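Student: mmCIF, C-alpha atoms, file upload.cif:
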data_run
#
loop_
_atom_site.group_PDB
_atom_site.id
_atom_site.type_symbol
_atom_site.label_atom_id
_atom_site.label_comp_id
_atom_site.auth_asym_id
_atom_site.auth_seq_id
_atom_site.Cartn_x
_atom_site.Cartn_y
_atom_site.Cartn_z
ATOM 1 C CA MET A 1 14.137 -36.743 63.920
ATOM 2 C CA ILE A 2 15.342 -34.816 60.875
ATOM 3 C CA THR A 3 18.161 -36.544 59.031
ATOM 4 C CA ASN A 4 20.873 -34.779 57.098
ATOM 5 C CA LYS A 5 21.252 -35.235 53.376
ATOM 6 C CA ILE A 6 24.605 -36.092 51.832
ATOM 7 C CA PHE A 7 25.182 -33.668 48.966
ATOM 8 C CA ARG A 8 27.101 -34.617 45.848
ATOM 9 C CA HIS A 9 29.736 -32.152 44.650
ATOM 10 C CA ARG A 10 30.980 -31.719 41.096
ATOM 11 C CA ASP A 11 34.447 -30.624 40.015
ATOM 12 C CA LEU A 12 34.839 -27.756 37.582
ATOM 13 C CA GLU A 13 37.754 -27.287 35.233
ATOM 14 C CA SER A 14 37.772 -23.548 35.992
ATOM 15 C CA ALA A 15 39.527 -22.399 39.164
ATOM 16 C CA PHE A 16 37.930 -19.676 41.252
ATOM 17 C CA ASP A 17 40.816 -17.581 42.511
ATOM 18 C CA ASP A 18 40.087 -15.421 45.527
ATOM 19 C CA LEU A 19 39.904 -11.661 44.960
ATOM 20 C CA PRO A 20 41.220 -8.895 47.232
ATOM 21 C CA VAL A 21 38.398 -6.800 48.670
ATOM 22 C CA GLU A 22 38.395 -3.254 50.019
ATOM 23 C CA GLN A 23 35.938 -0.676 51.275
ATOM 24 C CA LYS A 24 36.204 2.547 49.277
ATOM 25 C CA SER A 25 34.070 5.489 50.448
ATOM 26 C CA GLY A 26 31.903 2.998 52.309
ATOM 27 C CA LEU A 27 31.384 0.782 49.248
ATOM 28 C CA ARG A 28 32.756 -2.717 48.677
ATOM 29 C CA PHE A 29 35.102 -3.283 45.722
ATOM 30 C CA TYR A 30 36.931 -6.393 44.503
ATOM 31 C CA GLN A 31 40.236 -6.315 42.636
ATOM 32 C CA SER A 32 40.142 -8.370 39.449
ATOM 33 C CA PRO A 33 43.160 -10.438 38.311
ATOM 34 C CA ASN A 34 43.790 -7.580 35.865
ATOM 35 C CA ASP A 35 44.108 -5.166 38.809
ATOM 36 C CA LYS A 36 40.851 -3.393 38.055
ATOM 37 C CA TRP A 37 38.664 -2.509 41.055
ATOM 38 C CA LEU A 38 35.075 -3.611 40.467
ATOM 39 C CA PRO A 39 32.087 -2.752 42.684
ATOM 40 C CA SER A 40 30.332 -5.617 44.429
ATOM 41 C CA VAL A 41 27.138 -7.056 43.015
ATOM 42 C CA THR A 42 25.193 -6.233 46.201
ATOM 43 C CA THR A 43 26.491 -2.643 46.230
ATOM 44 C CA VAL A 44 25.331 -2.029 42.663
ATOM 45 C CA THR A 45 21.990 -3.854 42.785
ATOM 46 C CA GLY A 46 21.105 -2.103 46.041
ATOM 47 C CA TRP A 47 22.244 1.336 44.886
ATOM 48 C CA SER A 48 18.757 2.649 44.042
ATOM 49 C CA LYS A 49 17.575 1.831 47.595
ATOM 50 C CA ARG A 50 20.521 3.380 49.419
ATOM 51 C CA GLU A 51 18.808 6.654 50.349
ATOM 52 C CA PHE A 52 15.729 4.868 51.690
ATOM 53 C CA PHE A 53 17.796 2.617 53.937
ATOM 54 C CA ALA A 54 20.088 5.453 55.033
ATOM 55 C CA GLU A 55 17.019 7.360 56.222
ATOM 56 C CA TRP A 56 15.550 4.236 57.833
ATOM 57 C CA ARG A 57 18.742 3.563 59.803
ATOM 58 C CA LYS A 58 18.683 7.015 61.416
ATOM 59 C CA LYS A 59 16.331 5.670 64.088
ATOM 60 C CA PRO A 60 18.222 3.809 66.877
ATOM 61 C CA GLU A 61 15.698 0.961 66.928
ATOM 62 C CA ASN A 62 16.155 0.459 63.198
ATOM 63 C CA ARG A 63 19.952 0.446 63.539
ATOM 64 C CA ARG A 64 19.609 -2.286 66.159
ATOM 65 C CA GLU A 65 17.267 -4.255 63.927
ATOM 66 C CA SER A 66 19.639 -3.841 60.982
ATOM 67 C CA GLY A 67 22.510 -5.215 63.077
ATOM 68 C CA ARG A 68 20.389 -8.130 64.267
ATOM 69 C CA CYS A 69 19.354 -9.010 60.714
ATOM 70 C CA LEU A 70 22.951 -8.809 59.474
ATOM 71 C CA LYS A 71 24.093 -11.167 62.229
ATOM 72 C CA ARG A 72 21.185 -13.526 61.515
ATOM 73 C CA GLY A 73 21.994 -13.577 57.812
ATOM 74 C CA ASN A 74 25.689 -14.286 58.329
ATOM 75 C CA GLN A 75 25.044 -17.124 60.777
ATOM 76 C CA LEU A 76 22.293 -18.679 58.670
ATOM 77 C CA HIS A 77 24.547 -18.591 55.595
ATOM 78 C CA SER A 78 27.319 -20.263 57.569
ATOM 79 C CA LEU A 79 24.978 -23.037 58.732
ATOM 80 C CA ILE A 80 23.695 -23.663 55.220
ATOM 81 C CA GLU A 81 27.183 -23.642 53.701
ATOM 82 C CA ASP A 82 28.457 -26.183 56.229
ATOM 83 C CA TYR A 83 25.382 -28.373 55.714
ATOM 84 C CA ILE A 84 25.783 -28.441 51.924
ATOM 85 C CA ASN A 85 29.509 -29.127 52.366
ATOM 86 C CA ASN A 86 28.575 -32.236 54.398
ATOM 87 C CA THR A 87 30.391 -30.875 57.456
ATOM 88 C CA GLU A 88 30.053 -33.136 60.498
ATOM 89 C CA ASP A 89 28.506 -31.656 63.649
ATOM 90 C CA PHE A 90 27.925 -28.383 61.787
ATOM 91 C CA ILE A 91 25.066 -27.373 64.058
ATOM 92 C CA SER A 92 26.901 -27.397 67.406
ATOM 93 C CA GLU A 93 27.429 -24.122 69.268
ATOM 94 C CA ARG A 94 25.073 -22.221 66.954
ATOM 95 C CA ASP A 95 22.435 -19.696 67.952
ATOM 96 C CA PRO A 96 19.151 -21.548 68.671
ATOM 97 C CA GLN A 97 17.080 -19.126 66.592
ATOM 98 C CA ASN A 98 19.307 -19.660 63.573
ATOM 99 C CA ILE A 99 19.195 -23.424 64.061
ATOM 100 C CA GLU A 100 15.404 -23.159 64.037
ATOM 101 C CA LEU A 101 15.470 -21.124 60.812
ATOM 102 C CA PHE A 102 17.869 -23.613 59.246
ATOM 103 C CA ARG A 103 15.703 -26.611 60.192
ATOM 104 C CA GLN A 104 12.673 -24.761 58.856
ATOM 105 C CA LEU A 105 14.405 -24.228 55.497
ATOM 106 C CA GLN A 106 15.992 -27.676 55.354
ATOM 107 C CA PRO A 107 13.300 -29.332 53.180
ATOM 108 C CA GLU A 108 13.954 -26.685 50.514
ATOM 109 C CA LEU A 109 17.714 -27.078 50.876
ATOM 110 C CA ASP A 110 17.333 -30.806 50.296
ATOM 111 C CA ARG A 111 16.033 -30.026 46.791
ATOM 112 C CA ILE A 112 19.665 -29.050 46.012
ATOM 113 C CA ASP A 113 22.240 -31.525 44.684
ATOM 114 C CA ASN A 114 25.250 -31.760 42.363
ATOM 115 C CA VAL A 115 26.934 -28.704 43.843
ATOM 116 C CA TYR A 116 29.386 -26.909 41.549
ATOM 117 C CA ALA A 117 30.424 -24.021 43.776
ATOM 118 C CA GLN A 118 29.743 -22.344 47.101
ATOM 119 C CA GLU A 119 30.896 -18.892 48.207
ATOM 120 C CA VAL A 120 33.297 -18.537 45.295
ATOM 121 C CA PRO A 121 34.275 -15.178 43.766
ATOM 122 C CA LEU A 122 32.993 -14.263 40.328
ATOM 123 C CA TRP A 123 33.923 -11.187 38.351
ATOM 124 C CA SER A 124 33.546 -9.640 34.937
ATOM 125 C CA GLU A 125 35.144 -6.498 33.568
ATOM 126 C CA ALA A 126 32.630 -6.601 30.709
ATOM 127 C CA VAL A 127 29.728 -6.495 33.170
ATOM 128 C CA GLY A 128 31.672 -4.258 35.563
ATOM 129 C CA LEU A 129 30.881 -6.268 38.712
ATOM 130 C CA ALA A 130 32.358 -8.776 41.142
ATOM 131 C CA GLY A 131 31.125 -10.695 44.158
ATOM 132 C CA ARG A 132 30.770 -14.030 45.910
ATOM 133 C CA VAL A 133 27.936 -16.311 44.825
ATOM 134 C CA ASP A 134 26.102 -18.242 47.548
ATOM 135 C CA CYS A 135 25.665 -21.487 45.628
ATOM 136 C CA VAL A 136 25.792 -22.899 42.102
ATOM 137 C CA ALA A 137 24.055 -26.261 42.024
ATOM 138 C CA GLU A 138 21.117 -28.194 40.671
ATOM 139 C CA PHE A 139 17.747 -27.317 42.223
ATOM 140 C CA ASP A 140 15.084 -29.890 41.401
ATOM 141 C CA GLY A 141 17.507 -31.079 38.723
ATOM 142 C CA LYS A 142 18.035 -27.663 37.057
ATOM 143 C CA LEU A 143 21.434 -25.969 37.236
ATOM 144 C CA SER A 144 20.778 -22.779 39.179
ATOM 145 C CA ILE A 145 22.213 -19.790 40.962
ATOM 146 C CA ILE A 146 20.854 -20.185 44.504
ATOM 147 C CA ASP A 147 20.719 -17.463 47.134
ATOM 148 C CA PHE A 148 19.797 -17.935 50.790
ATOM 149 C CA LYS A 149 17.960 -15.312 52.820
ATOM 150 C CA GLY A 150 16.580 -14.941 56.327
ATOM 151 C CA SER A 151 13.737 -12.507 56.867
ATOM 152 C CA THR A 152 11.660 -11.110 59.701
ATOM 153 C CA LYS A 153 8.487 -11.410 57.618
ATOM 154 C CA PRO A 154 7.518 -12.796 54.188
ATOM 155 C CA LYS A 155 8.705 -10.876 51.137
ATOM 156 C CA LYS A 156 6.500 -9.536 48.383
ATOM 157 C CA GLU A 157 8.006 -10.211 44.982
ATOM 158 C CA GLU A 158 8.033 -6.534 44.018
ATOM 159 C CA TRP A 159 10.210 -5.764 47.071
ATOM 160 C CA ILE A 160 13.054 -8.050 46.067
ATOM 161 C CA LYS A 161 13.841 -7.364 42.433
ATOM 162 C CA ASN A 162 17.377 -6.555 43.582
ATOM 163 C CA TYR A 163 17.696 -10.201 44.696
ATOM 164 C CA PHE A 164 16.777 -11.341 41.178
ATOM 165 C CA HIS A 165 19.226 -8.845 39.691
ATOM 166 C CA GLN A 166 22.011 -10.140 41.969
ATOM 167 C CA ALA A 167 21.398 -13.744 40.957
ATOM 168 C CA THR A 168 21.206 -12.755 37.285
ATOM 169 C CA ALA A 169 24.607 -11.072 37.556
ATOM 170 C CA TYR A 170 26.098 -14.268 38.985
ATOM 171 C CA ALA A 171 24.489 -16.339 36.226
ATOM 172 C CA ILE A 172 26.081 -14.093 33.580
ATOM 173 C CA MET A 173 29.489 -14.111 35.272
ATOM 174 C CA PHE A 174 29.430 -17.882 35.850
ATOM 175 C CA GLN A 175 28.760 -18.473 32.157
ATOM 176 C CA GLU A 176 31.547 -16.051 31.220
ATOM 177 C CA LYS A 177 33.911 -17.891 33.554
ATOM 178 C CA THR A 178 32.998 -21.488 32.731
ATOM 179 C CA GLY A 179 31.118 -21.424 29.423
ATOM 180 C CA THR A 180 28.141 -23.099 31.145
ATOM 181 C CA PRO A 181 24.812 -21.273 30.798
ATOM 182 C CA ILE A 182 22.445 -21.054 33.763
ATOM 183 C CA ASN A 183 18.758 -20.522 33.036
ATOM 184 C CA ASN A 184 17.359 -20.712 36.552
ATOM 185 C CA ILE A 185 17.804 -18.511 39.618
ATOM 186 C CA VAL A 186 16.435 -19.510 43.018
ATOM 187 C CA ILE A 187 15.921 -17.348 46.104
ATOM 188 C CA LEU A 188 15.213 -19.343 49.278
ATOM 189 C CA VAL A 189 13.828 -17.305 52.187
ATOM 190 C CA ALA A 190 13.330 -18.512 55.764
ATOM 191 C CA ASN A 191 10.920 -16.182 57.575
ATOM 192 C CA GLU A 192 10.779 -15.758 61.324
ATOM 193 C CA ASP A 193 7.003 -16.356 61.249
ATOM 194 C CA GLY A 194 7.718 -20.015 60.415
ATOM 195 C CA THR A 195 7.128 -19.831 56.656
ATOM 196 C CA ASN A 196 9.487 -20.407 53.753
ATOM 197 C CA GLN A 197 9.410 -18.785 50.333
ATOM 198 C CA VAL A 198 10.895 -20.200 47.134
ATOM 199 C CA PHE A 199 11.265 -17.837 44.194
ATOM 200 C CA GLN A 200 12.378 -19.389 40.886
ATOM 201 C CA LYS A 201 12.988 -17.202 37.846
ATOM 202 C CA ASN A 202 14.628 -17.235 34.445
ATOM 203 C CA PRO A 203 17.480 -14.694 34.591
ATOM 204 C CA ILE A 204 16.817 -13.563 31.020
ATOM 205 C CA HIS A 205 13.867 -11.546 32.367
ATOM 206 C CA TYR A 206 16.124 -9.524 34.708
ATOM 207 C CA VAL A 207 19.033 -8.632 32.430
ATOM 208 C CA GLN A 208 17.523 -5.248 31.567
ATOM 209 C CA GLY A 209 16.887 -4.420 35.224
ATOM 210 C CA LEU A 210 20.465 -5.396 36.085
ATOM 211 C CA TYR A 211 21.772 -3.232 33.245
ATOM 212 C CA GLU A 212 19.801 -0.272 34.612
ATOM 213 C CA ASP A 213 21.268 -0.852 38.099
ATOM 214 C CA ILE A 214 24.800 -0.887 36.656
ATOM 215 C CA LYS A 215 24.181 2.198 34.541
ATOM 216 C CA LEU A 216 22.792 4.155 37.518
ATOM 217 C CA PHE A 217 25.704 3.185 39.762
ATOM 218 C CA TYR A 218 28.377 4.166 37.267
ATOM 219 C CA GLU A 219 26.611 7.419 36.382
ATOM 220 C CA ASP A 220 26.542 8.354 40.077
ATOM 221 C CA ASN A 221 30.158 7.276 40.638
ATOM 222 C CA GLN A 222 32.113 8.608 37.687
#
Starting from the coordinates I provided, produce the structure as structure tokens.

Tutor:
Amino acid sequence: MITNKIFRHRDLESAFDDLPVEQKSGLRFYQSPNDKWLPSVTTVTGWSKREFFAEWRKKPENRRESGRCLKRGNQLHSLIEDYINNTEDFISERDPQNIELFRQLQPELDRIDNVYAQEVPLWSEAVGLAGRVDCVAEFDGKLSIIDFKGSTKPKKEEWIKNYFHQATAYAIMFQEKTGTPINNIVILVANEDGTNQVFQKNPIHYVQGLYEDIKLFYEDNQ
């Protein structure tokens, strides 16, 4: 029998006020407290791949697969969030496949502790981005930006640089918000073939790539 960990949570002096969100021309934007509309982190870091995925989704079978993966990702995130929040009976009435993915990933999740934030909005007018971070917590004792992914098959590192750019953006914005630097980003992936992947990186190595993503997006959307 797999037992559930009890996660410790830390209070932060900084409050994370919710941000209004809107779709504009099919893109997600958040409204900052200064009333400036900022594109979402995922919109900007995925901008260079938009044409590839638009072409891929033209096939009906790929549209169905895209919808299935979106649903899987949302449900897996919800399971993980409730687990880390120490929610009782969080697994009831969940899709069996997502429960299986969660249980598969659970040993990696249990490396998390001292949780500072989950699903909170972060924004920066200096960076020109906004979004909701999956988790800010210690991973193996290191304060980290942690992102959770479900995947049909294992990821090659060169395929997911946008994941590292996303997490780097949240690390920058979290430091701007709280004054606390984060020098570790973690991507946890549960694959449907029964394997897990754990990617740990120093965000300093992805600042330039993130900058290039931002520059490309704003050049294309003057």

Student: Could you tell me, as a list in words, which residues have any atom at most 12 Å from (33.9, 3.8, 49.1), counting only C-alpha atoms?

Tutor: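 Residues with an atom close enough to that point: Val21, Glu22, Gln23, Lys24, Ser25, Gly26, Leu27, Arg28, Phe29, Tyr30, Trp37, Leu38, Pro39, Ser40, Thr43 and Asn221 of chain A.
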
Student: Let me see the file: selected residues, C-alpha atoms, as a short mmCIF file (atom, residue, chain, number, x, y, z; two decimals), in the coordinates of the input.

Tutor:
data_model
loop_
_atom_site.label_atom_id
_atom_site.label_comp_id
_atom_site.auth_asym_id
_atom_site.auth_seq_id
_atom_site.Cartn_x
_atom_site.Cartn_y
_atom_site.Cartn_z
CA VAL A 21 38.40 -6.80 48.67
CA GLU A 22 38.40 -3.25 50.02
CA GLN A 23 35.94 -0.68 51.28
CA LYS A 24 36.20 2.55 49.28
CA SER A 25 34.07 5.49 50.45
CA GLY A 26 31.90 3.00 52.31
CA LEU A 27 31.38 0.78 49.25
CA ARG A 28 32.76 -2.72 48.68
CA PHE A 29 35.10 -3.28 45.72
CA TYR A 30 36.93 -6.39 44.50
CA TRP A 37 38.66 -2.51 41.06
CA LEU A 38 35.08 -3.61 40.47
CA PRO A 39 32.09 -2.75 42.68
CA SER A 40 30.33 -5.62 44.43
CA THR A 43 26.49 -2.64 46.23
CA ASN A 221 30.16 7.28 40.64
#

Student: Pick out the residues sitting within 10 Å of stretch 125-136 of chain A, and hand them over as a ChimeraX atom specification; count all atoms listed in the file, and ignore anything fewer than 4 positions along from it in its own chain.

Tutor: /A:18-19,21,28-32,34,36-44,77,80-81,84,112-121,143-148,166-167,169-174,176,182,185-186,210-211,214-215,218

Student: On this file, the PyMOL selection byres ((chain A and resi 190) around 6) gives some set of residues; write that set as an MDAnalysis selection string.

Tutor: chainID A and resid 105 150 189 191 196

Student: Taking all atoms of stretch 164-167 of chain A that the file lists, what box with edges along x, y and z, padded by 4 Å per side, do you get, with centre and edge lengths in Å to one decimal, as AutoDock Vina command-line options?

Tutor:
--center_x 19.4 --center_y -11.3 --center_z 40.8 --size_x 13.2 --size_y 12.9 --size_z 10.3

Student: What would the selection look like, as a PyMOL selection string, if the PyMOL selection byres ((chain A and resi 86) around 12) were run on the coordinates I just shared?

Tutor: chain A and resi 4-9+79-85+87-91+113+115

Student: Could you rebuild stretch 193-218 of chain A with N, CA and C atoms and give me the result as a PDB file, keeping the file's coordinate frame?

Tutor:
ATOM      1  N   ASP A 193       8.370 -15.957  60.892  1.00  0.00           N
ATOM      2  CA  ASP A 193       7.003 -16.356  61.249  1.00  0.00           C
ATOM      3  C   ASP A 193       6.763 -17.843  61.004  1.00  0.00           C
ATOM      4  N   GLY A 194       7.832 -18.575  60.615  1.00  0.00           N
ATOM      5  CA  GLY A 194       7.718 -20.015  60.415  1.00  0.00           C
ATOM      6  C   GLY A 194       7.446 -20.443  58.996  1.00  0.00           C
ATOM      7  N   THR A 195       7.384 -19.498  58.059  1.00  0.00           N
ATOM      8  CA  THR A 195       7.128 -19.831  56.656  1.00  0.00           C
ATOM      9  C   THR A 195       8.409 -19.755  55.839  1.00  0.00           C
ATOM     10  N   ASN A 196       8.419 -20.495  54.750  1.00  0.00           N
ATOM     11  CA  ASN A 196       9.487 -20.407  53.753  1.00  0.00           C
ATOM     12  C   ASN A 196       8.916 -19.842  52.462  1.00  0.00           C
ATOM     13  N   GLN A 197       9.783 -19.223  51.672  1.00  0.00           N
ATOM     14  CA  GLN A 197       9.410 -18.785  50.333  1.00  0.00           C
ATOM     15  C   GLN A 197      10.462 -19.273  49.351  1.00  0.00           C
ATOM     16  N   VAL A 198      10.009 -19.740  48.198  1.00  0.00           N
ATOM     17  CA  VAL A 198      10.895 -20.200  47.134  1.00  0.00           C
ATOM     18  C   VAL A 198      10.535 -19.432  45.870  1.00  0.00           C
ATOM     19  N   PHE A 199      11.455 -18.599  45.426  1.00  0.00           N
ATOM     20  CA  PHE A 199      11.265 -17.837  44.194  1.00  0.00           C
ATOM     21  C   PHE A 199      12.175 -18.436  43.133  1.00  0.00           C
ATOM     22  N   GLN A 200      11.590 -18.889  42.007  1.00  0.00           N
ATOM     23  CA  GLN A 200      12.378 -19.389  40.886  1.00  0.00           C
ATOM     24  C   GLN A 200      12.080 -18.533  39.658  1.00  0.00           C
ATOM     25  N   LYS A 201      13.135 -18.097  38.983  1.00  0.00           N
ATOM     26  CA  LYS A 201      12.988 -17.202  37.846  1.00  0.00           C
ATOM     27  C   LYS A 201      13.988 -17.568  36.758  1.00  0.00           C
ATOM     28  N   ASN A 202      13.668 -17.155  35.546  1.00  0.00           N
ATOM     29  CA  ASN A 202      14.628 -17.235  34.445  1.00  0.00           C
ATOM     30  C   ASN A 202      15.398 -15.916  34.418  1.00  0.00           C
ATOM     31  N   PRO A 203      16.721 -15.950  34.513  1.00  0.00           N
ATOM     32  CA  PRO A 203      17.480 -14.694  34.591  1.00  0.00           C
ATOM     33  C   PRO A 203      17.345 -13.807  33.362  1.00  0.00           C
ATOM     34  N   ILE A 204      16.938 -14.375  32.232  1.00  0.00           N
ATOM     35  CA  ILE A 204      16.817 -13.563  31.020  1.00  0.00           C
ATOM     36  C   ILE A 204      15.844 -12.401  31.239  1.00  0.00           C
ATOM     37  N   HIS A 205      14.869 -12.581  32.139  1.00  0.00           N
ATOM     38  CA  HIS A 205      13.867 -11.546  32.367  1.00  0.00           C
ATOM     39  C   HIS A 205      14.388 -10.389  33.228  1.00  0.00           C
ATOM     40  N   TYR A 206      15.599 -10.541  33.786  1.00  0.00           N
ATOM     41  CA  TYR A 206      16.124  -9.524  34.708  1.00  0.00           C
ATOM     42  C   TYR A 206      17.414  -8.884  34.204  1.00  0.00           C
ATOM     43  N   VAL A 207      17.809  -9.219  32.987  1.00  0.00           N
ATOM     44  CA  VAL A 207      19.033  -8.632  32.430  1.00  0.00           C
ATOM     45  C   VAL A 207      18.872  -7.122  32.266  1.00  0.00           C
ATOM     46  N   GLN A 208      17.735  -6.684  31.764  1.00  0.00           N
ATOM     47  CA  GLN A 208      17.523  -5.248  31.567  1.00  0.00           C
ATOM     48  C   GLN A 208      17.534  -4.501  32.898  1.00  0.00           C
ATOM     49  N   GLY A 209      16.877  -5.054  33.906  1.00  0.00           N
ATOM     50  CA  GLY A 209      16.887  -4.420  35.224  1.00  0.00           C
ATOM     51  C   GLY A 209      18.281  -4.342  35.812  1.00  0.00           C
ATOM     52  N   LEU A 210      19.078  -5.405  35.627  1.00  0.00           N
ATOM     53  CA  LEU A 210      20.465  -5.396  36.085  1.00  0.00           C
ATOM     54  C   LEU A 210      21.258  -4.331  35.349  1.00  0.00           C
ATOM     55  N   TYR A 211      21.072  -4.256  34.034  1.00  0.00           N
ATOM     56  CA  TYR A 211      21.772  -3.232  33.245  1.00  0.00           C
ATOM     57  C   TYR A 211      21.448  -1.831  33.765  1.00  0.00           C
ATOM     58  N   GLU A 212      20.191  -1.587  34.101  1.00  0.00           N
ATOM     59  CA  GLU A 212      19.801  -0.272  34.612  1.00  0.00           C
ATOM     60  C   GLU A 212      20.451   0.013  35.962  1.00  0.00           C
ATOM     61  N   ASP A 213      20.561  -1.012  36.824  1.00  0.00           N
ATOM     62  CA  ASP A 213      21.268  -0.852  38.099  1.00  0.00           C
ATOM     63  C   ASP A 213      22.725  -0.447  37.863  1.00  0.00           C
ATOM     64  N   ILE A 214      23.383  -1.149  36.949  1.00  0.00           N
ATOM     65  CA  ILE A 214      24.800  -0.887  36.656  1.00  0.00           C
ATOM     66  C   ILE A 214      24.973   0.521  36.098  1.00  0.00           C
ATOM     67  N   LYS A 215      24.106   0.883  35.172  1.00  0.00           N
ATOM     68  CA  LYS A 215      24.181   2.198  34.541  1.00  0.00           C
ATOM     69  C   LYS A 215      24.008   3.302  35.584  1.00  0.00           C
ATOM     70  N   LEU A 216      23.029   3.158  36.480  1.00  0.00           N
ATOM     71  CA  LEU A 216      22.792   4.155  37.518  1.00  0.00           C
ATOM     72  C   LEU A 216      23.994   4.285  38.440  1.00  0.00           C
ATOM     73  N   PHE A 217      24.558   3.145  38.851  1.00  0.00           N
ATOM     74  CA  PHE A 217      25.704   3.185  39.762  1.00  0.00           C
ATOM     75  C   PHE A 217      26.883   3.912  39.134  1.00  0.00           C
ATOM     76  N   TYR A 218      27.208   3.558  37.896  1.00  0.00           N
ATOM     77  CA  TYR A 218      28.377   4.166  37.267  1.00  0.00           C
ATOM     78  C   TYR A 218      28.132   5.637  36.917  1.00  0.00           C
TER      79      TYR A 218
END
